Structures are given as structure tokens and as C-alpha cells.
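Asks: Structure incoming, see below.
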Amino acid sequence: MKRFLIVAFIIFVFVASCGKGEVKKVSEDSKIATEAFSLAEKIREAYAKRDMAVIEKNATREGFRTISSALRSFDSVDLTFSPVWVEIEDSVVHLNISWKGTWQKGGRKTEERGMAVFVLKGRPLKVDNILRANPFKYPE
């Protein structure tokens, strides 16, 4: 019984000492990456709802022109974004997104997938360009 109490005391002291670890601060790069993911999701939702005001609010003039010039009409869309990689260089963020979409238009179903690079600039971040496979140009 005496051994049990000693072992229990040692375990209690060990657990209590480990519970007060230092809380690490979130890095600036991590904050920027989280903001970039959130922005891409806002743009995706606005596209699905065809809410051009939200897209314009979250894009630079050039970015809005890039997105709006690529838009095609559709009846419904199921578009998913999966962030893959973020590169942060000075004031420019390159967000690599793997996307998959299914568009319905006039009874016709189109499925596409690709990898897009969203170029984000400014504070707060705004979409400035979309490189590679632009998900907003479908259905073709």
C-alpha cells in the first residue's frame, strides 16, 4: 500500500508539472496562410451563389477582371477547394489550390478538376490573379 501511494504521488507530480507548458504564439506566416484559405473559400462560395459583389469586394481590379471574364453560365455547381501549398514572398501570396467541380447546365453535367494558383496581394489579402487551371471558366 505504501508503494502504491508513493507511485501515485510521483505520477501526480509528473502530470502536474507537465500541464503548465508554454503557449506558443501563432506566427505571422500562419496567420497569412489562414487568411488566404479563408479568402479562397469566400470567393468559391460567392461564385456558387453568383454573388459578383462579394467577388468584387475580395479581389483587386485586375483580379475581378480575371474572374469575371472567365465566368460561364450554369444552372448549379458543386465546387470544392483543397489548399495544397502557400508561398509568401514580401507582400504577395501564392495559394496553390487543388479543385474539383461538377457543373449542371441545361441537363448536361460537366466534371472537371485541376490545380490553380491564386495570387493574393494587399492587406487585407485580395485575389489579384488566377494562374494555371482557373476553376471559374467552366462549363465550356
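Identifiers in this document derive from the order of the C-alpha cells: chains are assigned A, B, ..., residues are numbered from 1 separately in each chain, and ligands are numbered from 1 in order of occurrence.
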Per DSSP on the backbone, what are the helix (DSSP H, G or I) residues of chain A, as a PyMOL selection string?
Replies: chain A and resi 2-18+28-49+52-57+61-70+135-137
Asks: Do you know which residues are at most 6 Å from range 122-134 of chain A counting only C-alpha atoms, after dropping those on the same chain fewer than 2 positions away, and could you put them as JSON, numbers by chain?
Replies: {"A": [58, 59, 60, 62, 63, 114, 115, 116, 117, 118, 119, 120, 136]}
Asks: Next, the residues of the selection above should be written as a short mmCIF file (atom, residue, chain, number, x, y, z; two decimals), in the first residue's frame with N, CA, C and O atoms.
Replies:
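Below is the file that was written, selection-v2.cif:
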data_model
loop_
_atom_site.label_atom_id
_atom_site.label_comp_id
_atom_site.auth_asym_id
_atom_site.auth_seq_id
_atom_site.Cartn_x
_atom_site.Cartn_y
_atom_site.Cartn_z
N ASN A 58 -13.62 41.19 -52.68
CA ASN A 58 -12.48 40.39 -52.24
C ASN A 58 -11.42 40.22 -53.31
O ASN A 58 -10.57 39.33 -53.20
N ALA A 59 -11.46 41.05 -54.33
CA ALA A 59 -10.47 40.97 -55.41
C ALA A 59 -10.00 42.37 -55.78
O ALA A 59 -10.72 43.35 -55.59
N THR A 60 -8.79 42.44 -56.30
CA THR A 60 -8.31 43.71 -56.84
C THR A 60 -9.04 43.94 -58.16
O THR A 60 -9.76 43.06 -58.66
N GLU A 62 -7.78 44.05 -61.14
CA GLU A 62 -7.27 43.06 -62.10
C GLU A 62 -7.79 41.66 -61.77
O GLU A 62 -8.14 40.88 -62.67
N GLY A 63 -7.84 41.32 -60.50
CA GLY A 63 -8.34 40.01 -60.09
C GLY A 63 -9.81 39.83 -60.43
O GLY A 63 -10.23 38.76 -60.90
N GLY A 114 -8.57 20.33 -61.33
CA GLY A 114 -7.31 20.96 -61.72
C GLY A 114 -6.58 21.55 -60.53
O GLY A 114 -6.99 21.40 -59.39
N MET A 115 -5.50 22.24 -60.85
CA MET A 115 -4.68 22.90 -59.85
C MET A 115 -4.56 24.36 -60.26
O MET A 115 -4.08 24.67 -61.35
N ALA A 116 -5.02 25.24 -59.38
CA ALA A 116 -4.95 26.68 -59.65
C ALA A 116 -4.02 27.34 -58.65
O ALA A 116 -3.86 26.86 -57.53
N VAL A 117 -3.43 28.44 -59.07
CA VAL A 117 -2.59 29.24 -58.18
C VAL A 117 -3.26 30.61 -58.06
O VAL A 117 -3.35 31.34 -59.03
N PHE A 118 -3.76 30.91 -56.87
CA PHE A 118 -4.37 32.20 -56.60
C PHE A 118 -3.26 33.13 -56.16
O PHE A 118 -2.57 32.86 -55.17
N VAL A 119 -3.09 34.24 -56.86
CA VAL A 119 -2.11 35.26 -56.49
C VAL A 119 -2.86 36.30 -55.66
O VAL A 119 -3.81 36.91 -56.14
N LEU A 120 -2.44 36.46 -54.41
CA LEU A 120 -3.12 37.35 -53.47
C LEU A 120 -2.18 38.48 -53.09
O LEU A 120 -1.00 38.27 -52.86
N PHE A 136 -13.06 28.86 -62.55
CA PHE A 136 -14.23 29.69 -62.84
C PHE A 136 -14.57 29.77 -64.33
O PHE A 136 -15.50 30.45 -64.71
#
Asks: Of the residues A:Lys24, A:His94, A:Arg108, A:Arg72, which is the one nearest to Arg50 in chain A, using only C-alpha atoms?
Replies: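 Of the candidates, the smallest distance to Arg50 in chain A is held by A:Arg72.
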Asks: Using only C-alpha atoms, pick whichever of A:Pro135, A:Val86, A:Asn96, A:Thr102 has the shortest atom-to-atom distance to Thr34 in chain A.
Replies: A:Val86
Asks: Any idea what's packed within 8 Å of Lys100 in chain A, counting only C-alpha atoms, ignoring anything in its chain fewer than 6 positions away? Could you give it as a list of chain:residue names?
Replies: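 The filter keeps A:Leu79, A:Thr80, A:Phe81, A:Glu111, A:Glu112, A:Arg113, A:Gly114.
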Asks: Go ahead and write the residues just picked, N, CA and C atoms, as a short mmCIF file (atom, residue, chain, number, x, y, z; two decimals), in the first residue's frame.
Replies:
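Result saved to selection_35.cif:
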data_model
loop_
_atom_site.label_atom_id
_atom_site.label_comp_id
_atom_site.auth_asym_id
_atom_site.auth_seq_id
_atom_site.Cartn_x
_atom_site.Cartn_y
_atom_site.Cartn_z
N LEU A 79 -18.49 22.85 -56.30
CA LEU A 79 -17.07 23.11 -56.44
C LEU A 79 -16.41 23.00 -55.08
N THR A 80 -15.32 22.23 -55.02
CA THR A 80 -14.58 22.08 -53.76
C THR A 80 -13.14 22.51 -53.97
N PHE A 81 -12.60 23.19 -52.98
CA PHE A 81 -11.21 23.62 -52.97
C PHE A 81 -10.47 22.87 -51.88
N GLU A 111 -17.85 17.56 -65.49
CA GLU A 111 -16.96 17.37 -64.35
C GLU A 111 -15.54 17.74 -64.76
N GLU A 112 -14.90 18.51 -63.92
CA GLU A 112 -13.52 18.93 -64.18
C GLU A 112 -12.76 18.97 -62.86
N ARG A 113 -11.45 18.93 -62.96
CA ARG A 113 -10.58 19.10 -61.80
C ARG A 113 -9.29 19.73 -62.28
N GLY A 114 -8.57 20.33 -61.33
CA GLY A 114 -7.31 20.96 -61.72
C GLY A 114 -6.58 21.55 -60.53
#
Asks: What's around Val77 in chain A at 8 Å? Count only C-alpha atoms, leave out sequence neighbours fewer than 2 positions away in its own chain, and write the answer as a list in words.
Replies: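 Neighbouring residues, sequence-local ones excluded: Ala48, Phe74, Asp75, Leu79, Gly101, Thr102, Trp103 and Gln104 of chain A.
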Asks: So which residues of chain A fall under strand (DSSP E) by DSSP, listed as a tab-separated table (two decimals) with N, CA and C atoms, in the first residue's frame?
Replies:
chain	number	residue	atom	x	y	z
A	76	SER	N	-26.27	24.97	-61.84
A	76	SER	CA	-25.79	24.69	-60.49
A	76	SER	C	-24.34	24.23	-60.56
A	77	VAL	N	-23.66	24.35	-59.42
A	77	VAL	CA	-22.26	23.94	-59.36
A	77	VAL	C	-21.98	23.34	-57.99
A	78	ASP	N	-21.14	22.33	-57.99
A	78	ASP	CA	-20.60	21.75	-56.76
A	78	ASP	C	-19.09	21.82	-56.91
A	79	LEU	N	-18.49	22.85	-56.30
A	79	LEU	CA	-17.07	23.11	-56.44
A	79	LEU	C	-16.41	23.00	-55.08
A	80	THR	N	-15.32	22.23	-55.02
A	80	THR	CA	-14.58	22.08	-53.76
A	80	THR	C	-13.14	22.51	-53.97
A	81	PHE	N	-12.60	23.19	-52.98
A	81	PHE	CA	-11.21	23.62	-52.97
A	81	PHE	C	-10.47	22.87	-51.88
A	82	SER	N	-9.25	22.45	-52.20
A	82	SER	CA	-8.36	21.84	-51.21
A	82	SER	C	-7.03	22.57	-51.28
A	83	PRO	N	-6.74	23.44	-50.30
A	83	PRO	CA	-5.44	24.14	-50.32
A	83	PRO	C	-4.30	23.14	-50.24
A	84	VAL	N	-3.28	23.35	-51.07
A	84	VAL	CA	-2.15	22.43	-51.14
A	84	VAL	C	-0.88	23.07	-50.60
A	85	TRP	N	-0.61	24.30	-51.01
A	85	TRP	CA	0.67	24.93	-50.68
A	85	TRP	C	0.50	26.43	-50.66
A	86	VAL	N	1.21	27.09	-49.77
A	86	VAL	CA	1.20	28.55	-49.70
A	86	VAL	C	2.63	29.04	-49.75
A	87	GLU	N	2.89	30.00	-50.63
A	87	GLU	CA	4.20	30.66	-50.70
A	87	GLU	C	3.99	32.14	-50.39
A	88	ILE	N	4.75	32.64	-49.44
A	88	ILE	CA	4.63	34.03	-49.04
A	88	ILE	C	5.95	34.73	-49.35
A	89	GLU	N	5.88	35.71	-50.26
A	89	GLU	CA	7.06	36.47	-50.67
A	89	GLU	C	6.73	37.95	-50.56
A	92	VAL	N	3.24	39.44	-51.52
A	92	VAL	CA	2.50	38.60	-52.46
A	92	VAL	C	2.41	37.18	-51.92
A	93	VAL	N	1.19	36.63	-51.96
A	93	VAL	CA	0.95	35.27	-51.50
A	93	VAL	C	0.49	34.44	-52.70
A	94	HIS	N	1.13	33.28	-52.90
A	94	HIS	CA	0.71	32.33	-53.94
A	94	HIS	C	0.07	31.15	-53.23
A	95	LEU	N	-1.25	30.98	-53.44
A	95	LEU	CA	-2.00	29.91	-52.81
A	95	LEU	C	-2.32	28.86	-53.87
A	96	ASN	N	-1.70	27.68	-53.73
A	96	ASN	CA	-1.96	26.57	-54.66
A	96	ASN	C	-3.17	25.81	-54.16
A	97	ILE	N	-4.17	25.67	-55.03
A	97	ILE	CA	-5.42	25.01	-54.66
A	97	ILE	C	-5.72	23.91	-55.67
A	98	SER	N	-5.96	22.73	-55.14
A	98	SER	CA	-6.47	21.63	-55.95
A	98	SER	C	-8.00	21.76	-55.90
A	99	TRP	N	-8.64	21.73	-57.05
A	99	TRP	CA	-10.08	21.90	-57.07
A	99	TRP	C	-10.74	20.80	-57.89
A	100	LYS	N	-12.01	20.58	-57.57
A	100	LYS	CA	-12.82	19.59	-58.28
A	100	LYS	C	-14.23	20.16	-58.37
A	101	GLY	N	-14.80	20.11	-59.57
A	101	GLY	CA	-16.12	20.71	-59.75
A	101	GLY	C	-17.03	19.90	-60.65
A	102	THR	N	-18.33	20.03	-60.37
A	102	THR	CA	-19.36	19.45	-61.21
A	102	THR	C	-20.36	20.55	-61.52
A	103	TRP	N	-20.53	20.84	-62.80
A	103	TRP	CA	-21.43	21.89	-63.24
A	103	TRP	C	-22.62	21.27	-63.96
A	104	GLN	N	-23.80	21.82	-63.74
A	104	GLN	CA	-25.02	21.42	-64.44
A	104	GLN	C	-25.47	22.60	-65.28
A	105	LYS	N	-25.74	22.33	-66.54
A	105	LYS	CA	-26.25	23.39	-67.42
A	105	LYS	C	-27.15	22.74	-68.46
A	108	ARG	N	-27.11	19.03	-68.91
A	108	ARG	CA	-25.80	18.47	-69.21
A	108	ARG	C	-24.88	18.63	-67.99
A	109	LYS	N	-24.17	17.57	-67.65
A	109	LYS	CA	-23.28	17.57	-66.49
A	109	LYS	C	-21.83	17.60	-66.97
A	110	THR	N	-21.04	18.51	-66.40
A	110	THR	CA	-19.63	18.62	-66.73
A	110	THR	C	-18.82	18.46	-65.45
A	111	GLU	N	-17.85	17.56	-65.49
A	111	GLU	CA	-16.96	17.37	-64.35
A	111	GLU	C	-15.54	17.74	-64.76
A	112	GLU	N	-14.90	18.51	-63.92
A	112	GLU	CA	-13.52	18.93	-64.18
A	112	GLU	C	-12.76	18.97	-62.86
A	113	ARG	N	-11.45	18.93	-62.96
A	113	ARG	CA	-10.58	19.10	-61.80
A	113	ARG	C	-9.29	19.73	-62.28
A	114	GLY	N	-8.57	20.33	-61.33
A	114	GLY	CA	-7.31	20.96	-61.72
A	114	GLY	C	-6.58	21.55	-60.53
A	115	MET	N	-5.50	22.24	-60.85
A	115	MET	CA	-4.68	22.90	-59.85
A	115	MET	C	-4.56	24.36	-60.26
A	116	ALA	N	-5.02	25.24	-59.38
A	116	ALA	CA	-4.95	26.68	-59.65
A	116	ALA	C	-4.02	27.34	-58.65
A	117	VAL	N	-3.43	28.44	-59.07
A	117	VAL	CA	-2.59	29.24	-58.18
A	117	VAL	C	-3.26	30.61	-58.06
A	118	PHE	N	-3.76	30.91	-56.87
A	118	PHE	CA	-4.37	32.20	-56.60
A	118	PHE	C	-3.26	33.13	-56.16
A	119	VAL	N	-3.09	34.24	-56.86
A	119	VAL	CA	-2.11	35.26	-56.49
A	119	VAL	C	-2.86	36.30	-55.66
A	120	LEU	N	-2.44	36.46	-54.41
A	120	LEU	CA	-3.12	37.35	-53.47
A	120	LEU	C	-2.18	38.48	-53.09
A	121	LYS	N	-2.75	39.69	-53.02
A	121	LYS	CA	-1.95	40.87	-52.68
A	121	LYS	C	-2.72	41.75	-51.71
A	126	LYS	N	-6.34	40.22	-51.11
A	126	LYS	CA	-7.35	40.21	-52.18
A	126	LYS	C	-6.79	39.41	-53.34
A	127	VAL	N	-7.69	38.74	-54.08
A	127	VAL	CA	-7.27	37.97	-55.25
A	127	VAL	C	-6.84	38.95	-56.34
A	128	ASP	N	-5.62	38.76	-56.85
A	128	ASP	CA	-5.10	39.62	-57.90
A	128	ASP	C	-5.04	38.90	-59.24
A	129	ASN	N	-4.91	37.58	-59.21
A	129	ASN	CA	-4.82	36.82	-60.46
A	129	ASN	C	-5.05	35.35	-60.14
A	130	ILE	N	-5.41	34.58	-61.15
A	130	ILE	CA	-5.51	33.13	-61.02
A	130	ILE	C	-4.69	32.52	-62.15
A	131	LEU	N	-3.68	31.75	-61.77
A	131	LEU	CA	-2.79	31.14	-62.74
A	131	LEU	C	-3.15	29.66	-62.89
A	132	ARG	N	-2.70	29.09	-63.99
A	132	ARG	CA	-2.90	27.68	-64.31
A	132	ARG	C	-4.36	27.38	-64.60
Asks: May I ask for the distance between CA of Ser69 in chain A and CA of Glu140 in chain A, given in Å to one decimal place?
Replies: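 That distance, rounded to one decimal, is 13.1 Å.
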Asks: Which is closest to Glu56 in chain A among A:Ser91, A:Ser73, A:Ser68, A:Ser27, if we use only C-alpha atoms?
Replies: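 For Glu56 in chain A, the nearest of the given residues is A:Ser68.
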Asks: What does the distance from CA of Ala40 in chain A to CA of Ile67 in chain A come to in Å, to one decimal?
Replies: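 A separation of 12.4 Å between them.
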Asks: Can you measure CA of Ala46 in chain A to CA of Leu71 in chain A for me? One decimal in Å is fine.
Replies: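 One can read the CA of Ala46 in chain A to CA of Leu71 in chain A distance as 12.3 Å.
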